[in-house]
Amino acid sequence: MDISKDKLLEMYRTMQKIRLFESKARDLAMAAEIPGFVHVSIGEEASATGVCAALRKTDRITSNHRGHGHLIAKGGRLDRMMAEIFGKRTGYCKGKGGSMHIVDYSLGILGANGIVGAGLPIATGSALGAVIAGKDDVTVAFFGDGASNEGTFHESLNLAAVWKLPVVFVCENNGFGEFTPMATVTSVKDIAVRAKAYDIPGHIVDGNDVLEVFRFTSEAVARARAGEGPTLLECKTYRWEGHVVGEQAFLGDGSYREKSEVEEWKRKCPLIRFEKWCAESGKISSAELKKIIADTEKELADAVEFARSSELPAPSEVTDDVYNNT
Amino acid sequence: MDISKDKLLEMYRTMQKIRLFESKARDLAMAAEIPGFVHVSIGEEASATGVCAALRKTDRITSNHRGHGHLIAKGGRLDRMMAEIFGKRTGYCKGKGGSMHIVDYSLGILGANGIVGAGLPIATGSALGAVIAGKDDVTVAFFGDGASNEGTFHESLNLAAVWKLPVVFVCENNGFGEFTPMATVTSVKDIAVRAKAYDIPGHIVDGNDVLEVFRFTSEAVARARAGEGPTLLECKTYRWEGHVVGEQAFLGDGSYREKSEVEEWKRKCPLIRFEKWCAESGKISSAELKKIIADTEKELADAVEFARSSELPAPSEVTDDVYNNT
Amino acid sequence: MPQISFIQAINQAIAEEMERDPLTFLMGEDVVLGAFGATKGLIDKFGAKRVRNTPISEAGFVGAAVGAAMAGTRPICEVEFASFFYCAFDQICNQAAKLRYMSGGQATMPITFRAVFGAMGGAAAQHSETVYAQFLSVPGLKLVIPSGPSDMKGLLKSAIRDNNPVIVFEHGALGWSREDVPAGEHLVPLGKAAVKRPGDNVTVVAIGAMVPKAMSVAEKLEKEKISVEVIDPRTLIPLDEDAILASVEKTNRIVIADEGHLRGGAAADLAAIVADKGFDFLDAPVRRVTSLDVPIPFSPPLEKAAIADEARIEAAIRAVVGR
Amino acid sequence: MPQISFIQAINQAIAEEMERDPLTFLMGEDVVLGAFGATKGLIDKFGAKRVRNTPISEAGFVGAAVGAAMAGTRPICEVEFASFFYCAFDQICNQAAKLRYMSGGQATMPITFRAVFGAMGGAAAQHSETVYAQFLSVPGLKLVIPSGPSDMKGLLKSAIRDNNPVIVFEHGALGWSREDVPAGEHLVPLGKAAVKRPGDNVTVVAIGAMVPKAMSVAEKLEKEKISVEVIDPRTLIPLDEDAILASVEKTNRIVIADEGHLRGGAAADLAAIVADKGFDFLDAPVRRVTSLDVPIPFSPPLEKAAIADEARIEAAIRAVVGR
Ligand SMILES: Cc1ncc(C[n+]2csc(CCOP(=O)(O)OP(=O)(O)O)c2C)c(N)n1
Ligand SMILES: Cc1ncc(C[n+]2csc(CCOP(=O)(O)OP(=O)(O)O)c2C)c(N)n1
Ligand SMILES: [Mg+2]
Ligand SMILES: [Mg+2]
């Protein structure tokens, strides 16, 4: 598959946006400038990016608690995301959602979700909605290895398979659910194997290779759009940071993985990998990449400034938006 | 595997008990002599029988809404079962359960269940309990093809697999969940395939051949007892009767399967098949079989008499047994 | 006006609303054949794309209804028995109910959930429950409990058109009840109670299948010159508080009759409102008639003992009016 | 007596009960490391057989606890956040709660479920819920809501020894609160309210984290000679009705403070009981102080606006005492 230069640049920009946004979010959470639970996906940027690069604007995604990357990759604005994380009324959800619950319907982002596994049936239904409405939009469900043990995984894949719904199930397998190693709670080595239980294609994907992710997703999306039904993709990746920012405060000296394992995965950084590929293939110059970094840093700085200077919601807004009164 | 004559006789007796008990229960329900929903498993006697023949008394089972066969096969008494179906205080549950909820803990029968798929986690937990208590009892979960689409199926098989619990999952695939053909709501042709999603053995079993069921179960039970973990067995079978006794009253002219299909399966009757095998193998004489039928008819008549002549519970008993006050 | 049954009313409401809007569709276990008759024949009118038998997987297909609603369609999602809602509680309480609010108003969730509930003769504890009390404290949902065919049709049509998740609870014992129901357009607004019968001495607020029971008690007591006002709130969320309080202001006495349990039930919820906002009107304790706090038993005499009935409604009325 | 935190109290209670009975064991997501510290170190004492990290599959492992209980063991089953109970509602409401009754008393179900609940600062709607109201109408369960470390330890130990399914709700904001807690054997019976503070003018029944809030309001109002009796029911099922009614008989006024919602909440349940059995004692409306009927919002000023607080407790007290 030949990937256009624009697409390549866009992918790199997306990965940088995610990396920089989440690094900032982490720092702000550590500094207690933003409240609540913040889960970052640093180290996993390639899967969100490669998947969403294969989607068009009217396609939809559902995400999970570790959702910043997915949202940014689907086109979410850094300023409104940051404002939401700060709890400001200029945020995507007017401050009602926070880090775990950012949504932008206009971009087909049906939302991050605080309940593990909850996004899979919603994505399946979103695909069903497209069929009912006679549209050929595809929906992607992002979820983790941990979520693949939830009943909703099973119910969703079965439903999507029997109704041949246009949905792509993307499992980001980072080896852990919170502090529990995947292997101790999951009966298979590869989540992709579970596709057999639904008679649908299942593929293991190098989740740190944005180009491979893009290729597999493009194929799965084409299949879905053609009415041939769902695909399960398993992107093998790793999170460099803790499950939740600040986890050391309650874990204390408890640790659940070797430092060396983290270091090993840092060497597989998806951004560096892509930069190397650019250099080797000669497709993109390092100056072009640097410009992207600089642009993104500026965009992020503006986003933080926007969030900081935005107003908090007024207490009276607390009762808005419970019901749709139209 | 060599099966003792006693075992063979016991299996035939069990199948006859189920057939006769359920035929009677159906007739009584049609005659409105017993209230509530009654689901019978006529035509499926071999799976309940073959499975439970491979268990010992301290082993446990969980069952579903179509549970009479499982209970009888695990040793349930016809009189107390019949009394329960009649809603009498001499019934297994003092009239509080009814057809869908018969239980005999002393026989390791953890209960029929009105919620599809609910028995699987309970069986898994029962197996966990054995491990915690340091006992080598095995638990069997009986469930249908329809239940295999519930999230609890997935969660239970995964949990049992990772903890290598002594449980055998027995799917009785009769091709329908209520009035919905399995193929229209299930993404695989064979439920046994789903074992791959948990990296455990999965076998397709001729559910109308009591000897084959017994052999496969014996192997799975041995495996479980040895601490090697769960097995998924899929017994292919068919129910001759409706999903629920009296369904024509609300289905009216709606029908969901061909008469010819029912007739075809009636020709595969598990009892006739076993009788033929006895004749061909010469292991058991037809006189011996006839005696069993006669005995069972007597036992059933007594059971009905017991049920009819038993007292209904007194209204004041309604508040007993909500809590254990010890 | 044609007489039709509760179940036919459901069928009519769904058929009319699916006729009206091509994005309205029906999903659930065995909706094609229509296990209780409510959805029978819809497949012939609307085809397999819009009338869908789901696998037995409540969390999955209830969640799919949520996603389909977010994708701009209008699902009618049947969960045969209300007790099965328990298998999909997360998708209803954490997702359908909350996602609009949590998204700052971005999501719209036009879903109608339907389920049969209540004691209907020997269905036992896992098929006889009155589950709505558990949704009362879930802001974002609307709860509808029709007490007869005409309201059934009018409320269900309103529910389907509503842009919020609405749960319609259909009492199993009312299925074959019949009454005059307007053909075609007939809408009953959500949030408007019905005064089923005016009276002066005591207000009886009755829910679902308790309404006909309360009516028959009221008729009986009329002969003794105990004048009972029977109010059917019809929807618990939104609740027509004004109707209830206005009645109590007039009668100064109230009995709340519900088939749910005493502790934590819908009757407790209504009683609390009256004990607060209607306190000054009250001349007697706020009395509740509910089922006993036991799982609903199978055996007929036990079931009868467990479920709220006319005798208990009558006793409660007599207690509060002192006669 | 040693001062320990709420979380340490949980740890102590579990450790002591597991020490006491080899068939008592612990399961849940991340109980090995002890995500909130409550179960930290137990793996070292009791080993991997009795301290088990489960897959993320609430219905599966809650159901497994039910089966393990039926097999004669005594599971302590943690479901990190109470909102996740929604994923396992069937196994709790239809199975754990009912199987004893439905089996005519054959089943015994000694399970302790534990979960963190309540608003704890920006956790948003899917992690801040007060789920117990939804279990109030499920006969067969017991519900425990400790308001401080000492009760936490004593109630949890009683819950573990109880032969019924008990759900212990641990308010997230109380985690680091500290007080004197007896080392070793310390049992608080289920069903016994605590009079946290005697008073004459008004009864405040406060639940969970509302107890310290009510106490501070009571202290403040003391200075104005408004004498507030604060009652902590400690367990909602079984409920110490007598303690509440006796207090109302003395004060003739009641405010019920709960972090749950107004509609269908635990406060409504208690209000209904008082409006019935305590009606003759009452000189003022039964007032509830609850969170607003909205999903709990993320942003701090919104969360604060949503959650019941001291100011609202004080206002409600002033309203009922008329000062
Ligand atoms: C239903 C439910 N159970 C448990 C949790 C607590 N929880 C939050 S994230 C998480 C781990 C999820 O693991 P995985 O799906 O692999 O995603 P990852 O965090 O690794 O990206 C858990 C257990 C939850 N939010 N929802
Ligand atoms: C959770 C739940 N959903 C739906 C039902 C209604 N129901 C009862 S039996 C049944 C079909 C079950 O099919 P299967 O598991 O194949 O068992 P079979 O009846 O064929 O023996 C359904 C849908 C139920 N009892 N529980
Ligand atoms: Mg993970
Ligand atoms: Mg079947």
# chains A, B, ... in the order shown; residues from 1 in each chain; ligands from 1

call {"tool": "select_by_dssp", "arguments": {"residues": "region 51-288 of chain C", "states": "helix (DSSP H, G or I)", "output": "number ranges by chain"}}
result
C: 58-70, 82-96, 99-102, 131-135, 149-161, 172-174, 210-222, 241-251, 266-277, 279-281

call {"tool": "residues_near_ligand", "arguments": {"ligand": "ligand 3", "cutoff": "6 Å", "atoms": "only C-alpha atoms and all ligand atoms", "output": "VMD selection string"}}
result
chain A and resid 144 to 146 173 to 177

call {"tool": "interface_residues", "arguments": {"of": "chain C", "to": "chain D", "cutoff": "6 Å", "atoms": "only C-alpha atoms", "output": "PyMOL selection string"}}
result
chain C and resi 86-87+89-90+134+136-137+139+261+263-265+268-269+271-272+275-276+279+285-287+293-294

call {"tool": "closest_atom_pairs", "arguments": {"of": "chain D", "to": "chain A", "cutoff": "6 Å", "atoms": "only C-alpha atoms", "output": "JSON lines"}}
result
{"residue": "D:Phe36", "atom": "CA", "partner": "A:Phe250", "partner_atom": "CA", "distance": 5.9}
{"residue": "D:Pro55", "atom": "CA", "partner": "A:Val185", "partner_atom": "CA", "distance": 4.8}
{"residue": "D:Ile56", "atom": "CA", "partner": "A:Asn149", "partner_atom": "CA", "distance": 6.0}
{"residue": "D:Ser57", "atom": "CA", "partner": "A:Glu150", "partner_atom": "CA", "distance": 4.6}
{"residue": "D:Gly122", "atom": "CA", "partner": "A:Gly36", "partner_atom": "CA", "distance": 4.1}
{"residue": "D:Ala123", "atom": "CA", "partner": "A:Gly36", "partner_atom": "CA", "distance": 5.0}
{"residue": "D:Gln126", "atom": "CA", "partner": "A:Gly114", "partner_atom": "CA", "distance": 6.0}
{"residue": "D:Pro297", "atom": "CA", "partner": "A:Lys96", "partner_atom": "CA", "distance": 4.7}
{"residue": "D:Phe298", "atom": "CA", "partner": "A:Lys96", "partner_atom": "CA", "distance": 4.9}
{"residue": "D:Ser299", "atom": "CA", "partner": "A:Gly87", "partner_atom": "CA", "distance": 4.3}
{"residue": "D:Pro301", "atom": "CA", "partner": "A:Pro315", "partner_atom": "CA", "distance": 5.9}
{"residue": "D:Leu302", "atom": "CA", "partner": "A:Pro315", "partner_atom": "CA", "distance": 5.3}
{"residue": "D:Ala305", "atom": "CA", "partner": "A:Pro315", "partner_atom": "CA", "distance": 5.5}

call {"tool": "atom_distance", "arguments": {"atom1": "CA of Val51 (chain A)", "atom2": "CA of Ser218 (chain A)"}}
result
7.8 Å

call {"tool": "residues_around", "arguments": {"residues": "Met70 (chain C)", "least_positions_apart": "3", "cutoff": "10 Å", "atoms": "only C-alpha atoms", "output": "PyMOL selection string"}}
result
(chain A and resi 105+108+110+122-123+125-126+129) or (chain C and resi 64-67+73-74+96+99-100+106-111)

call {"tool": "interface_residues", "arguments": {"of": "chain B", "to": "chain A", "cutoff": "10 Å", "atoms": "only C-alpha atoms", "output": "CSV table (one decimal) with all heavy atoms, in the first residue's frame"}}
result
chain,number,residue,atom,x,y,z
B,148,SER,N,-24.6,-19.6,25.3
B,148,SER,CA,-23.2,-19.4,24.9
B,148,SER,C,-22.9,-18.0,24.3
B,148,SER,O,-21.8,-17.7,24.0
B,148,SER,CB,-22.8,-20.5,23.9
B,148,SER,OG,-23.1,-20.2,22.6
B,149,ASN,N,-24.0,-17.2,24.0
B,149,ASN,CA,-23.8,-15.9,23.6
B,149,ASN,C,-23.8,-14.9,24.7
B,149,ASN,O,-23.6,-13.7,24.5
B,149,ASN,CB,-24.9,-15.5,22.5
B,149,ASN,CG,-24.7,-16.3,21.3
B,149,ASN,OD1,-23.6,-16.6,20.9
B,149,ASN,ND2,-25.8,-16.7,20.6
B,150,GLU,N,-24.0,-15.3,25.9
B,150,GLU,CA,-24.1,-14.4,27.1
B,150,GLU,C,-22.6,-14.1,27.5
B,150,GLU,O,-21.7,-14.9,27.4
B,150,GLU,CB,-24.8,-15.0,28.2
B,150,GLU,CG,-26.3,-15.0,28.1
B,150,GLU,CD,-27.0,-13.7,28.5
B,150,GLU,OE1,-26.3,-12.7,28.7
B,150,GLU,OE2,-28.2,-13.7,28.6
B,151,GLY,N,-22.4,-12.9,28.0
B,151,GLY,CA,-21.1,-12.5,28.5
B,151,GLY,C,-20.6,-13.4,29.6
B,151,GLY,O,-19.4,-13.6,29.8
B,152,THR,N,-21.5,-13.9,30.4
B,152,THR,CA,-21.1,-14.8,31.5
B,152,THR,C,-20.4,-16.1,31.0
B,152,THR,O,-19.6,-16.6,31.7
B,152,THR,CB,-22.3,-15.2,32.4
B,152,THR,OG1,-23.3,-15.7,31.5
B,152,THR,CG2,-22.8,-14.1,33.2
B,153,PHE,N,-20.8,-16.5,29.8
B,153,PHE,CA,-20.1,-17.7,29.2
B,153,PHE,C,-18.6,-17.3,29.1
B,153,PHE,O,-17.7,-18.0,29.5
B,153,PHE,CB,-20.7,-18.0,27.8
B,153,PHE,CG,-19.9,-18.9,26.9
B,153,PHE,CD1,-20.1,-20.3,27.0
B,153,PHE,CD2,-18.9,-18.4,26.0
B,153,PHE,CE1,-19.3,-21.2,26.2
B,153,PHE,CE2,-18.2,-19.3,25.2
B,153,PHE,CZ,-18.4,-20.7,25.3
B,154,HIS,N,-18.3,-16.2,28.5
B,154,HIS,CA,-17.0,-15.7,28.2
B,154,HIS,C,-16.2,-15.5,29.5
B,154,HIS,O,-15.1,-16.0,29.7
B,154,HIS,CB,-17.1,-14.4,27.4
B,154,HIS,CG,-15.8,-13.8,27.1
B,154,HIS,ND1,-14.9,-14.3,26.2
B,154,HIS,CD2,-15.3,-12.5,27.4
B,154,HIS,CE1,-13.8,-13.5,26.0
B,154,HIS,NE2,-14.0,-12.4,26.8
B,155,GLU,N,-16.8,-14.8,30.4
B,155,GLU,CA,-16.1,-14.5,31.7
B,155,GLU,C,-15.8,-15.7,32.5
B,155,GLU,O,-14.8,-15.8,33.1
B,155,GLU,CB,-17.0,-13.5,32.5
B,155,GLU,CG,-17.2,-12.2,31.7
B,155,GLU,CD,-17.8,-11.1,32.5
B,155,GLU,OE1,-18.1,-11.3,33.7
B,155,GLU,OE2,-18.0,-10.0,32.0
B,156,SER,N,-16.8,-16.7,32.4
B,156,SER,CA,-16.6,-17.9,33.2
B,156,SER,C,-15.5,-18.8,32.6
B,156,SER,O,-14.6,-19.3,33.3
B,156,SER,CB,-17.9,-18.7,33.3
B,156,SER,OG,-18.9,-17.9,33.8
B,157,LEU,N,-15.5,-19.0,31.3
B,157,LEU,CA,-14.5,-19.8,30.7
B,157,LEU,C,-13.1,-19.2,30.8
B,157,LEU,O,-12.2,-20.0,31.1
B,157,LEU,CB,-14.9,-20.1,29.2
B,157,LEU,CG,-15.8,-21.4,29.0
B,157,LEU,CD1,-17.2,-21.1,29.5
B,157,LEU,CD2,-15.7,-22.0,27.6
B,158,ASN,N,-13.0,-17.9,30.7
B,158,ASN,CA,-11.7,-17.3,30.9
B,158,ASN,C,-11.2,-17.5,32.3
B,158,ASN,O,-10.1,-17.9,32.5
B,158,ASN,CB,-11.8,-15.8,30.6
B,158,ASN,CG,-10.5,-15.1,30.7
B,158,ASN,OD1,-9.5,-15.5,30.0
B,158,ASN,ND2,-10.4,-14.1,31.6
B,159,LEU,N,-12.1,-17.3,33.3
B,159,LEU,CA,-11.7,-17.4,34.7
B,159,LEU,C,-11.3,-18.8,35.0
B,159,LEU,O,-10.3,-19.1,35.6
B,159,LEU,CB,-12.8,-16.9,35.6
B,159,LEU,CG,-12.5,-16.8,37.1
B,159,LEU,CD1,-11.5,-15.6,37.3
B,159,LEU,CD2,-13.7,-16.5,37.9
B,160,ALA,N,-12.1,-19.7,34.6
B,160,ALA,CA,-11.8,-21.2,34.8
B,160,ALA,C,-10.5,-21.6,34.2
B,160,ALA,O,-9.8,-22.4,34.8
B,160,ALA,CB,-13.0,-22.0,34.3
B,161,ALA,N,-10.3,-21.0,33.0
B,161,ALA,CA,-9.1,-21.4,32.3
B,161,ALA,C,-7.8,-20.9,33.0
B,161,ALA,O,-6.8,-21.6,33.2
B,161,ALA,CB,-9.1,-20.9,30.8
B,162,VAL,N,-7.9,-19.6,33.4
B,162,VAL,CA,-6.6,-19.0,34.0
B,162,VAL,C,-6.4,-19.6,35.4
B,162,VAL,O,-5.2,-19.7,35.8
B,162,VAL,CB,-6.6,-17.5,34.1
B,162,VAL,CG1,-6.5,-16.9,32.7
B,162,VAL,CG2,-7.8,-16.9,34.7
B,163,TRP,N,-7.4,-19.9,36.0
B,163,TRP,CA,-7.2,-20.5,37.4
B,163,TRP,C,-7.2,-22.1,37.3
B,163,TRP,O,-7.2,-22.7,38.4
B,163,TRP,CB,-8.3,-20.0,38.4
B,163,TRP,CG,-8.0,-18.6,38.8
B,163,TRP,CD1,-6.9,-17.8,38.5
B,163,TRP,CD2,-8.9,-17.8,39.5
B,163,TRP,NE1,-7.1,-16.5,39.0
B,163,TRP,CE2,-8.3,-16.5,39.7
B,163,TRP,CE3,-10.2,-17.9,40.1
B,163,TRP,CZ2,-8.9,-15.4,40.4
B,163,TRP,CZ3,-10.8,-16.9,40.8
B,163,TRP,CH2,-10.1,-15.6,40.9
B,164,LYS,N,-7.3,-22.6,36.1
B,164,LYS,CA,-7.3,-24.1,36.0
B,164,LYS,C,-8.3,-24.7,36.9
B,164,LYS,O,-7.9,-25.7,37.7
B,164,LYS,CB,-5.9,-24.7,36.2
B,164,LYS,CG,-4.9,-24.4,35.0
B,164,LYS,CD,-3.8,-25.4,35.1
B,164,LYS,CE,-2.8,-25.2,33.9
B,164,LYS,NZ,-3.5,-25.4,32.6
B,183,ALA,N,-28.4,-20.5,14.4
B,183,ALA,CA,-27.6,-20.0,13.4
B,183,ALA,C,-27.8,-18.5,13.1
B,183,ALA,O,-26.9,-17.8,12.7
B,183,ALA,CB,-27.8,-20.8,12.1
B,184,THR,N,-29.0,-18.0,13.4
B,184,THR,CA,-29.2,-16.6,13.1
B,184,THR,C,-28.7,-15.6,14.2
B,184,THR,O,-28.7,-14.4,14.0
B,184,THR,CB,-30.8,-16.3,13.0
B,184,THR,OG1,-31.4,-16.6,14.2
B,184,THR,CG2,-31.4,-17.2,11.9
B,185,VAL,N,-28.3,-16.2,15.3
B,185,VAL,CA,-27.8,-15.3,16.4
B,185,VAL,C,-26.4,-15.7,16.9
B,185,VAL,O,-25.9,-15.1,17.9
B,185,VAL,CB,-28.8,-15.3,17.6
B,185,VAL,CG1,-30.0,-14.5,17.2
B,185,VAL,CG2,-29.2,-16.6,18.0
B,186,THR,N,-25.8,-16.7,16.3
B,186,THR,CA,-24.6,-17.2,16.8
B,186,THR,C,-23.5,-17.2,15.7
B,186,THR,O,-23.8,-17.7,14.6
B,186,THR,CB,-24.8,-18.7,17.4
B,186,THR,OG1,-25.9,-18.7,18.2
B,186,THR,CG2,-23.6,-19.1,18.1
B,187,SER,N,-22.4,-16.7,16.0
B,187,SER,CA,-21.4,-16.4,15.0
B,187,SER,C,-20.6,-17.7,14.6
B,187,SER,O,-19.8,-17.6,13.6
B,187,SER,CB,-20.4,-15.3,15.4
B,187,SER,OG,-19.9,-15.7,16.7
B,188,VAL,N,-20.8,-18.8,15.3
B,188,VAL,CA,-20.0,-20.0,14.9
B,188,VAL,C,-21.0,-21.1,14.7
B,188,VAL,O,-22.1,-21.1,15.3
B,188,VAL,CB,-19.0,-20.4,16.0
B,188,VAL,CG1,-17.8,-19.5,15.9
B,188,VAL,CG2,-19.6,-20.4,17.4
B,189,LYS,N,-20.6,-22.1,13.9
B,189,LYS,CA,-21.5,-23.3,13.7
B,189,LYS,C,-21.4,-24.2,14.9
B,189,LYS,O,-22.4,-24.8,15.3
B,189,LYS,CB,-21.0,-24.0,12.4
B,189,LYS,CG,-22.1,-24.4,11.5
B,189,LYS,CD,-21.6,-25.1,10.2
B,189,LYS,CE,-21.6,-26.6,10.3
B,189,LYS,NZ,-20.5,-27.3,10.8
B,190,ASP,N,-20.2,-24.3,15.4
B,190,ASP,CA,-20.0,-25.2,16.5
B,190,ASP,C,-19.6,-24.4,17.8
B,190,ASP,O,-18.5,-23.8,17.7
B,190,ASP,CB,-19.0,-26.3,16.2
B,190,ASP,CG,-19.4,-27.1,15.0
B,190,ASP,OD1,-20.5,-27.6,14.9
B,190,ASP,OD2,-18.5,-27.2,14.0
B,191,ILE,N,-20.3,-24.5,18.8
B,191,ILE,CA,-20.0,-23.8,20.0
B,191,ILE,C,-18.6,-24.3,20.6
B,191,ILE,O,-17.8,-23.5,21.1
B,191,ILE,CB,-21.0,-24.0,21.1
B,191,ILE,CG1,-22.4,-23.7,20.6
B,191,ILE,CG2,-20.7,-23.3,22.4
B,191,ILE,CD1,-22.6,-22.2,20.2
B,192,ALA,N,-18.3,-25.6,20.3
B,192,ALA,CA,-17.0,-26.1,20.8
B,192,ALA,C,-15.8,-25.3,20.3
B,192,ALA,O,-14.8,-25.3,21.0
B,192,ALA,CB,-16.9,-27.6,20.4
B,193,VAL,N,-16.0,-24.7,19.2
B,193,VAL,CA,-14.9,-23.9,18.6
B,193,VAL,C,-14.4,-22.8,19.6
B,193,VAL,O,-13.3,-22.4,19.6
B,193,VAL,CB,-15.3,-23.3,17.3
B,193,VAL,CG1,-14.3,-22.2,16.8
B,193,VAL,CG2,-15.5,-24.4,16.2
B,194,ARG,N,-15.4,-22.3,20.3
B,194,ARG,CA,-15.1,-21.2,21.2
B,194,ARG,C,-14.1,-21.6,22.3
B,194,ARG,O,-13.6,-20.7,23.0
B,194,ARG,CB,-16.4,-20.7,21.8
B,194,ARG,CG,-17.3,-20.0,20.8
B,194,ARG,CD,-18.5,-19.3,21.3
B,194,ARG,NE,-19.0,-18.4,20.2
B,194,ARG,CZ,-20.2,-17.9,20.2
B,194,ARG,NH1,-21.1,-18.1,21.2
B,194,ARG,NH2,-20.6,-17.0,19.3
B,195,ALA,N,-13.9,-22.8,22.5
B,195,ALA,CA,-12.8,-23.3,23.5
B,195,ALA,C,-11.5,-22.6,23.1
B,195,ALA,O,-10.7,-22.4,24.0
B,195,ALA,CB,-12.7,-24.8,23.5
B,196,LYS,N,-11.3,-22.4,21.8
B,196,LYS,CA,-10.0,-21.9,21.4
B,196,LYS,C,-9.8,-20.5,22.0
B,196,LYS,O,-8.6,-20.1,22.2
B,196,LYS,CB,-10.0,-21.7,19.9
B,196,LYS,CG,-10.0,-23.1,19.2
B,196,LYS,CD,-9.5,-23.0,17.7
B,196,LYS,CE,-9.5,-24.3,17.1
B,196,LYS,NZ,-10.3,-24.4,15.8
B,197,ALA,N,-10.8,-19.8,22.3
B,197,ALA,CA,-10.6,-18.4,22.8
B,197,ALA,C,-10.2,-18.5,24.3
B,197,ALA,O,-9.9,-17.4,24.9
B,197,ALA,CB,-12.0,-17.7,22.7
B,198,TYR,N,-10.1,-19.7,24.8
B,198,TYR,CA,-9.6,-19.8,26.2
B,198,TYR,C,-8.5,-20.8,26.3
B,198,TYR,O,-8.1,-21.1,27.4
B,198,TYR,CB,-10.8,-20.2,27.1
B,198,TYR,CG,-12.0,-19.4,26.8
B,198,TYR,CD1,-13.1,-19.9,26.0
B,198,TYR,CD2,-12.1,-18.0,27.2
B,198,TYR,CE1,-14.1,-19.0,25.6
B,198,TYR,CE2,-13.1,-17.2,26.8
B,198,TYR,CZ,-14.1,-17.7,26.0
B,198,TYR,OH,-15.2,-16.9,25.6
B,199,ASP,N,-8.1,-21.3,25.2
B,199,ASP,CA,-7.0,-22.2,25.2
B,199,ASP,C,-7.3,-23.5,26.0
B,199,ASP,O,-6.4,-23.9,26.8
B,199,ASP,CB,-5.7,-21.5,25.6
B,199,ASP,CG,-4.4,-22.3,25.1
B,199,ASP,OD1,-4.6,-23.2,24.3
B,199,ASP,OD2,-3.3,-22.0,25.7
B,200,ILE,N,-8.5,-24.0,25.9
B,200,ILE,CA,-8.9,-25.2,26.6
B,200,ILE,C,-9.4,-26.2,25.6
B,200,ILE,O,-9.8,-25.8,24.5
B,200,ILE,CB,-9.9,-24.9,27.7
B,200,ILE,CG1,-11.2,-24.3,27.1
B,200,ILE,CG2,-9.4,-23.9,28.8
B,200,ILE,CD1,-12.4,-24.3,28.0
